Each structure stands twice: as structure tokens, then as C-alpha cells.
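Peer 1: One structure is given below, represented as C-alpha cells, and several questions about it will come after.
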Amino acid sequence: MAQTTAAPAVRLSSPTPPPRGQMSNVYASGRLGRWVPWAILGVSLIISLAVFALFQAASGGDFNVAGAIVLTGVLNGILIYVTALLVEGIRKAKDRLVTTLVSSAFIIALAPLISLFITVLSRGTERFDLQLFSESMRNVVGQGGGVLHAIVGTLIMTGIATVISVPVGLLTSIYLVEYGRGALARAITFFVDVMTGIPSIVAGLFAYALFSLVFGPGVRLGVAGAVALSVLMIPVVVRSSEEMLRLVPNELREAAFALGVPKWLTILKVVLPTSLAGITTGVMLAIARVIGETAPLLVAAGFTQNMNYNPFEGRMQSLPVFVYSSYVSQGTDAQAYLDRAWAAALALILIVMALNLIARIVARLFSPKLGR
Amino acid sequence: MSTPAVAQAPNAHPKPVQRLADRVFSGAALTAGSLILATLAAVAAFLVMQSIPAVTTDPNDISILSGQNFWSYVWPLVFGTVWSAAIALVMAVPVAIGIALFISHYAPRRLAQGLGYVIDLLAAVPSVVFGLWGANTLAPAVQPFYSWLTENLGWFPLFSGQASGTGRTILTASVVLAVMILPIITALCREIFLQTPVLHEEAALALGATRWEMIRIAVLPFGRAGIISAAMLGLGRALGETMAVAMVLSSSGAITVALLTSSNPSTIAANIALSFPEAYGLNVNLLIATGLMLFAITLVINALARYIISRRKEFSGAN
């Protein structure tokens, strides 16, 4: 008895394939194998490569890589739809078509990203040298010169903007999380969201209007640029620190209150230290966002070729505005201006990426461990 | 203020002790919060104040207008702003929804977060770098394609006219705008799609739905409001984007829907960026007045998007 029941079980689980011509698995009948989509992708790639190679041979010129990729995508979609329609039916065919479309959407988004990074890297390294970081543009007409004045200006203005935005933003988020009830808190939440959407150039116009009231028309000051930046930065700081403060468990606050700690000390000594890593991350991401802003600085701080350490007097150059102005007003030696623009763009991207990276590392290393 | 009943039994509801530091601290927090409202009000007030001279003065005294009416100066700019942002939105939204679906429902779990970071990288690139890339790399690359379109599909109004020789048309500017607003729309849509109740998805699959049918009947209806508001936030971003348009587009101020010719409408923000550094006197007020219009347009769009989000509170990730 035991032997007869055991025998079929062994046969079922045995990995040896059944003889050819026999159905191997009823559930797999009428379905495409796992390898089929990849095979179709390969086939369409080969076909489109061949087509464009023929084009190239017929008309000369460069091989059209973008065209080949687009044709591959289109062919792949059509082939997979038709194949699935023939084998699996309309519903599965639609499903596979959508899978192809969704995957290609991702590739479409990757294309500009890759193209941008390759361009910035290849053209930015032409002038990415020591001179770029040690000289200003004073009295430079053609080649040579550097962006030191722009880097100093960016650091000063972003620094002032941070000094303004972090206390205001942090206190606002503390108000929203710890104190705010009722209509005022709702209004602040709503308008912080609205403020996130202020066009950056409008922030610049506001700073200009504010300072021209005091200093007369035509004013361009580093501190005006900083005010414009902080208008853009405050809502970002508020949103991110509010989120972090809400993550602090209520039990911590209640434990502090139960020990008789006053509310302000509870916030200062318990709530803030717990969420410090998250708040730091948020602030760094906010800095990374405003450090690349061009339009408000162009309007409020202007541009100059000279070094300026004083934010309260005279125009102040910044890295993004440097990129813009050397692109827009190319001098007699246009290539030198373009090279400097690309090198400054590369420096800007590196700064922003570094800030983003450090922010993520801070978030990962110093955030309080959950689940204790 | 205290009623006699409370006065008789003071120990029943003891008032919490208000220390001086407590009051200072909460006062500071309240001040900071109110400061935000004040800032927003100040932005509006200063812009209005500086704009009034531009509308009330005789147009002949403002050199940019050169005798034109204020509204006939602003109208092409408003058209260009809305038109370029709309084209960008039409291109960005389907792609963004596709990417969001890919990350939330198609990509392998282990890869999904990394792929999300890759898309967020796009958001980290400064707009001026996008402008440089669009003008120097993208525009020359798409120009042959534009020529082909005008030659073969010229009967279609959007593709009519003579193709621009530089490729720096409004379509190129809109493509750059679309790339720039892609990450924000994607991030919001992704959060919304991830919040679809798993039970709905599993129910759909258990009834025999394919993955696409599951998305169509469970994920997309649940996320519709979120997708709309994400698109509107992206629209707000595109309307106010300055540098990419200022650097990519070579504008002539014409009102036309032809996408590929060398006569393109400019946008409000780009026009300010290009004209402001050399502006003087009343021209400054005129440019600030156009900025006020931009502010009003984006304010309405953003407020509308936020209102849609706040109506559906369960989309907490979308704000």
C-alpha cells in the first residue's frame, strides 16, 4: 500500500522532462515563455540596426543612434502585441503592450538625463582647472579667467538665505506641530504649500521691489538676492521639518511632561534632538534646491565681473548667473565664454550632487533607529 | 474672565503653569508662522504697488511698450507662457504616469527605490544647466527632425511654416520644460500609486485580471484626484520656469500655434529675465506688472491643486 502511493509522488516531482510532442504543463499552454519578450526585443533591435545601417550606407553621414532606438521601441511594441494576440488572446496582448509602454517611459526619461550628464562632463572638463577656481573675471576679455567671484557670491548669498530661512522655517514647523490649532495653523499650512509654488523670478522681483523702496530704483545687492532665495527656501524647510517633527513619537513628549519638564524644554531637549538628522537632511536638500536658482539672483543681485565680499554694497555674481550671463553675452572669443559656462555648470552640478549625497548620508547614519 | 463656578473649585481644573520661557518660545513660534503669511502678503503688496505705474502711465512714456497698450504687450506673453507650459504638460504627464507605474508596480521590488533616486536626480539639476543643454545639445539634435516634419506633415497646423534653422523653437523649450517637471509629477504619482489599498489590487488579480486590468480598475481610479493635482503642480512649475525658456527659445513675440518655425511667442518669466538687467525707469514697473500676472496665474493653479489634494486627505504622500 505504501509503495503504490509513493510511486506516483516520485514521478510527479521528478525533474525529467516528458517525451517530446507531449504537453509539459497544462497551465503553460497558450502562453508565451519567459524568454519570448527578450527574444522579440533582440529581433527588433537587429532589424532596426540593419535598417539604419542600410540608410547610412545609402546616404552617407553618421549612424542615427536615436532613430535606431526609437525604431526598436516601436517595432518591439508592435511585434510583442501581435505575437501575444496570436498566442494568448487580446487581454494578455494588451497587458504585454502596456508593460512595454511603461518600461519605455522609464527609458525615455533616462535619455535626457544621460545625454545631459555626458554633455556637461565632456564639455565642462575643458576648462575645469585650477585657474577656474583661483581667479575672478576682472579685466578678462578672451580666454582665461575664473569663477572664484561667482563661487564666493553663491556661498555668501546662500549662507545668508540659510541663516534667515532655517530659524523661521524651523520655528514655523514647531508652531504647526506643537502649538498650532485652528484656523491660523490651517492657513499657514495652506499658504506654505502655495508659497512652494511661487515662481522663482517672482521672488526675485519681490526682493528687488523691497530693496528699491529703501535704496532707490536700480538697486542690486547681494543681500537682496539672499532675501529672494529665502522666500523660496522657507517653505521647503517648513515642509521637511514639519514632517520630521511629526515622526517623533508622542510617548516621548508625554514622558517628558510626566517628569514635569516644561513644554519649551521638552521641545528643545527631547523633540528636536530626536528629529535632528531628518531636519538636517531637509535643510541640506533645501540649500541644494536654492543654490541652483538663477532667475531671482539675476533680478535682485545682478551680475558683475569683479570679486565682491560685501553683500550690502554693489552687485554680486553667483555661479548660476555666471553660467547664464556668459552664455547670453558671448564676447569676441565665443568659445572661451562657452567653455567657462560649461565648466561653471559642471562645478554647480557637482556642488548640488554633493549636497544631495551628504543629505542622504546624514539621513541614513544619524536618524534614530526605529523599532527599539 | 473666570466664572464663579471655577473660582469656587480652583483645584478641579488647575491652570498649567506658564513660565516666561514657555511664553517666549511659543511666541517666537507663532511669530515665525505669522511671518510666512506676512511674507506672502508682502510679495503681493509690493508687486501690486510697483505695477500700478505701468498700467496708469501713458504708454508712450514707457520705452518697451513704444506706444502699445499694456494689455497688447502682455497678451502674447501670457499666451506663450500658457502655451509652452501646456505642451510641456501634455508630454510630461503620460511619461510620468508610466514611470510612476513602472517604479510602483512593474520594476522588481529591490530595484524600485534605486530607480526612484535616478528620476530624482533630474530634479537636482539646476535649471540653468538644463537651459545650456537645451540650447547647445538638444536644439541642434532635433533640428533635422523638425525640417522633416515641416516638409512632410506641413498641412497639420502645429507643424506648418518654415522650420527654424537653429531648432530653438517653442517645442524645444517645451521639451526641456517637460523634462524639468517630470520628476515632481513622477514623485507625486508614485506616492499615490503606492497608497492603493493592497486588498483592491489582490481582489482584482483574484478575479483573473491581468496586471494592466488590475491597474486600470484598482490603481488608476483610486489615484485619479492625485494624478490631476500632481499634473497641476507640474503645470505651476512649468509656468514659472524662467531660465530654460530664456536660454532655449529665440522668440519674436508672435502669437502662433506653429511649433517649429522661428517666430515664437515668448513667456512672461523669460521675458523678464532677458529684459530686466537693462531695464530702467518705468520699464521696470512694466516688467514687475507682467511678473504680477505670472504670480496670479500660478497662485490660482497651485491653490486649485492643493484644494484637490486636501479634499482627498488619504493621499497624504501627495502634499
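Labels used: A, B, ... for chains in the order of the C-alpha cells, numbers from 1 for residues in each chain, and numbers from 1 for ligands as shown.
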For the helix (DSSP H, G or I) assignment from backbone DSSP, which residues of stretch 242-300 of chain A qualify? Please present them as a ChimeraX atom specification.

Peer 2: /A:242-247,250-258,263-291,295-300

Peer 1: Using only C-alpha atoms, which residues of chain A come within 7 Å of chain B, and what is the closest atom pair for each, with the distance in Å to one decimal? Give it as a tab-separated table, sorted by chain and residue number.

Peer 2:
```
residue	atom	partner	partner_atom	distance
A:Lys92	CA	B:Thr210	CA	6.9
A:Asp95	CA	B:Trp212	CA	5.1
A:Val98	CA	B:Trp212	CA	6.7
A:Val102	CA	B:Gly98	CA	4.6
A:Ser103	CA	B:Phe102	CA	6.3
A:Ala105	CA	B:Val95	CA	5.2
A:Phe106	CA	B:Ile99	CA	5.0
A:Leu113	CA	B:Leu122	CA	6.5
A:Leu116	CA	B:Trp133	CA	6.3
A:Val168	CA	B:Ala32	CA	5.2
A:Leu171	CA	B:Ala29	CA	4.7
A:Thr172	CA	B:Gly33	CA	4.5
A:Ile174	CA	B:Ala29	CA	6.4
A:Tyr175	CA	B:Ala29	CA	4.9
A:Ile188	CA	B:Gly33	CA	6.6
A:Phe191	CA	B:Leu37	CA	6.9
A:Val194	CA	B:Asn302	CA	6.0
A:Gly197	CA	B:Asn302	CA	6.4
A:Ile198	CA	B:Phe295	CA	6.8
A:Pro199	CA	B:Gly240	CA	4.5
A:Ser200	CA	B:Gly240	CA	7.0
A:Ile201	CA	B:Ala269	CA	6.6
A:Val202	CA	B:Gly291	CA	6.0
A:Leu205	CA	B:Ile288	CA	6.6
A:Phe206	CA	B:Val43	CA	5.5
A:Ala209	CA	B:Phe46	CA	6.2
A:Leu210	CA	B:Phe46	CA	6.8
A:Lys263	CA	B:Asp22	CA	6.6
A:Trp264	CA	B:Asp22	CA	5.4
A:Gly292	CA	B:Pro126	CA	4.7
A:Glu293	CA	B:Pro126	CA	6.8
A:Thr294	CA	B:Val128	CA	6.6
A:Ala295	CA	B:Thr242	CA	6.5
A:Val299	CA	B:Phe276	CA	6.6
A:Pro320	CA	B:Val128	CA	6.3
A:Tyr324	CA	B:Val128	CA	6.6
A:Ala345	CA	B:Val129	CA	5.9
A:Ile349	CA	B:Val125	CA	6.4
A:Val352	CA	B:Ala124	CA	6.8
```

Peer 1: Please produce an output containing N, CA and C atoms for each residue in the selection, written as a CSV table (one decimal), in the first residue's frame.

Peer 2:
```csv
chain,number,residue,atom,x,y,z
A,92,LYS,N,-4.2,39.4,-22.8
A,92,LYS,CA,-2.8,39.3,-22.5
A,92,LYS,C,-2.0,40.2,-23.4
A,95,ASP,N,-2.0,43.6,-22.1
A,95,ASP,CA,-1.2,43.6,-20.9
A,95,ASP,C,0.3,43.8,-21.2
A,98,VAL,N,1.1,47.2,-22.6
A,98,VAL,CA,1.3,48.2,-21.6
A,98,VAL,C,2.6,48.1,-20.8
A,102,VAL,N,5.2,51.1,-20.5
A,102,VAL,CA,5.6,51.6,-19.2
A,102,VAL,C,7.1,51.5,-19.1
A,103,SER,N,7.7,50.4,-19.5
A,103,SER,CA,9.2,50.3,-19.4
A,103,SER,C,9.8,51.4,-20.3
A,105,ALA,N,8.7,54.2,-21.1
A,105,ALA,CA,8.5,55.6,-20.5
A,105,ALA,C,9.7,55.8,-19.6
A,106,PHE,N,10.1,54.8,-18.9
A,106,PHE,CA,11.3,55.0,-18.0
A,106,PHE,C,12.6,55.3,-18.8
A,113,LEU,N,18.5,62.6,-19.2
A,113,LEU,CA,19.5,62.6,-18.0
A,113,LEU,C,20.9,62.1,-18.4
A,116,LEU,N,22.4,64.7,-20.8
A,116,LEU,CA,22.8,65.9,-20.1
A,116,LEU,C,24.1,65.7,-19.3
A,168,VAL,N,13.4,80.7,10.8
A,168,VAL,CA,12.0,81.0,10.6
A,168,VAL,C,11.2,79.7,10.2
A,171,LEU,N,11.0,77.3,13.3
A,171,LEU,CA,10.0,77.7,14.3
A,171,LEU,C,8.6,77.6,13.8
A,172,THR,N,8.4,77.9,12.5
A,172,THR,CA,7.1,77.7,11.9
A,172,THR,C,6.7,76.2,12.0
A,174,ILE,N,7.7,74.1,14.2
A,174,ILE,CA,7.4,73.8,15.6
A,174,ILE,C,6.0,74.3,16.0
A,175,TYR,N,5.7,75.5,15.5
A,175,TYR,CA,4.4,76.0,15.7
A,175,TYR,C,3.3,75.1,15.2
A,188,ILE,N,-1.7,78.7,7.7
A,188,ILE,CA,-0.2,78.7,7.5
A,188,ILE,C,0.1,77.5,6.6
A,191,PHE,N,-0.9,78.2,3.1
A,191,PHE,CA,-0.1,79.2,2.4
A,191,PHE,C,1.4,78.8,2.2
A,194,VAL,N,1.2,76.9,-0.9
A,194,VAL,CA,1.1,77.9,-2.0
A,194,VAL,C,2.4,78.5,-2.3
A,197,GLY,N,5.0,77.1,-4.5
A,197,GLY,CA,4.7,77.2,-6.0
A,197,GLY,C,5.0,78.6,-6.5
A,198,ILE,N,5.5,79.5,-5.7
A,198,ILE,CA,5.9,80.9,-6.2
A,198,ILE,C,7.0,80.7,-7.3
A,199,PRO,N,6.8,81.3,-8.5
A,199,PRO,CA,7.8,81.2,-9.5
A,199,PRO,C,9.1,81.9,-8.9
A,200,SER,N,10.2,81.3,-9.2
A,200,SER,CA,11.4,81.9,-8.6
A,200,SER,C,11.7,83.3,-9.1
A,201,ILE,N,11.3,83.7,-10.3
A,201,ILE,CA,11.6,85.0,-10.7
A,201,ILE,C,10.7,86.0,-10.0
A,202,VAL,N,9.5,85.6,-9.6
A,202,VAL,CA,8.6,86.5,-8.8
A,202,VAL,C,9.3,86.8,-7.5
A,205,LEU,N,11.7,89.5,-8.1
A,205,LEU,CA,11.1,90.8,-8.3
A,205,LEU,C,10.6,91.3,-7.0
A,206,PHE,N,10.1,90.5,-6.1
A,206,PHE,CA,9.7,90.9,-4.8
A,206,PHE,C,10.9,91.5,-4.0
A,209,ALA,N,11.8,94.8,-5.5
A,209,ALA,CA,10.8,95.9,-5.1
A,209,ALA,C,11.0,96.3,-3.7
A,210,LEU,N,11.3,95.3,-2.8
A,210,LEU,CA,11.5,95.6,-1.4
A,210,LEU,C,12.7,96.5,-1.2
A,263,LYS,N,7.1,72.7,28.6
A,263,LYS,CA,6.9,72.4,27.2
A,263,LYS,C,8.1,72.8,26.3
A,264,TRP,N,8.6,74.1,26.6
A,264,TRP,CA,9.6,74.6,25.7
A,264,TRP,C,10.9,73.7,25.8
A,292,GLY,N,21.0,76.4,-7.0
A,292,GLY,CA,21.0,76.4,-8.4
A,292,GLY,C,20.0,77.4,-9.0
A,293,GLU,N,19.4,78.2,-8.2
A,293,GLU,CA,18.4,79.2,-8.7
A,293,GLU,C,19.2,80.4,-9.4
A,294,THR,N,18.7,80.7,-10.6
A,294,THR,CA,19.3,81.7,-11.4
A,294,THR,C,18.5,83.0,-11.4
A,295,ALA,N,17.2,82.8,-11.8
A,295,ALA,CA,16.4,84.0,-12.1
A,295,ALA,C,16.3,85.0,-11.0
A,299,VAL,N,17.8,89.0,-11.1
A,299,VAL,CA,17.0,90.2,-11.0
A,299,VAL,C,17.4,91.0,-9.8
A,320,PRO,N,25.2,80.2,-10.9
A,320,PRO,CA,24.2,80.0,-11.9
A,320,PRO,C,24.1,81.2,-12.8
A,324,TYR,N,24.7,81.7,-16.9
A,324,TYR,CA,23.7,82.3,-17.8
A,324,TYR,C,24.3,83.5,-18.6
A,345,ALA,N,29.0,75.2,-15.0
A,345,ALA,CA,27.8,74.3,-14.9
A,345,ALA,C,28.2,73.0,-14.3
A,349,ILE,N,26.8,71.6,-10.8
A,349,ILE,CA,26.2,70.2,-10.7
A,349,ILE,C,26.9,69.4,-9.6
A,352,VAL,N,25.7,70.6,-6.2
A,352,VAL,CA,24.3,70.2,-5.9
A,352,VAL,C,24.3,68.7,-5.6
```

Peer 1: What's the separation between atom CA of B:Leu171 and atom CA of B:Phe145, in Å to one decimal place?

Peer 2: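 Value for the atom CA of B:Leu171-atom CA of B:Phe145 distance: 11.8 Å.
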
Peer 1: For each of B:Met232, B:Met180, B:Val55, B:Ile87, take the minimum atom-to-atom distance to B:Ile297, counting only C-alpha atoms, then give the residue where this is smallest.

Peer 2: B:Met232

Peer 1: Which value, in Å to one decimal, gives the distance between atom CA of B:Tyr73 and atom CA of B:Ala258?

Peer 2: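 Computing it gives 20.1 Å between the two atoms.
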
Peer 1: So how many Å separate atom CA of B:Ile52 and atom CA of A:Gly216, to one decimal?

Peer 2: 17.3 Å

Peer 1: What's the 12 Å shell around A:Ser329, counting only C-alpha atoms, without same-chain residues fewer than 3 positions away, as a list in words?

Peer 2: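 Selected residues are Val141, Phe303, Val321, Phe322, Val323, Tyr324, Ser325, Ser326, Thr332, Asp333, Ala334, Gln335, Ala336, Tyr337, Leu338 and Ala341 of chain A; Met247 and Leu274 of chain B.
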
Peer 1: I want to know what sits within 6 Å of B:Thr81, based on only C-alpha atoms, with residues of the same chain fewer than 3 positions away left out; could you give that as a list of chain:residue names?

Peer 2: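 The neighbour list is B:Val78, B:Ser84, B:Leu239, B:Thr267.
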
Peer 1: Those residues you just picked out, can you put them in a file as a compact mmCIF listing (two decimals), in the first residue's frame with C-alpha atoms?

Peer 2:
```
# COMPACT_ATOMS: atom_id res chain seq x y z
CA VAL B 78 0.57 85.24 -21.35
CA SER B 84 4.54 76.31 -23.69
CA LEU B 239 4.55 78.29 -15.95
CA THR B 267 6.95 83.66 -21.94
```
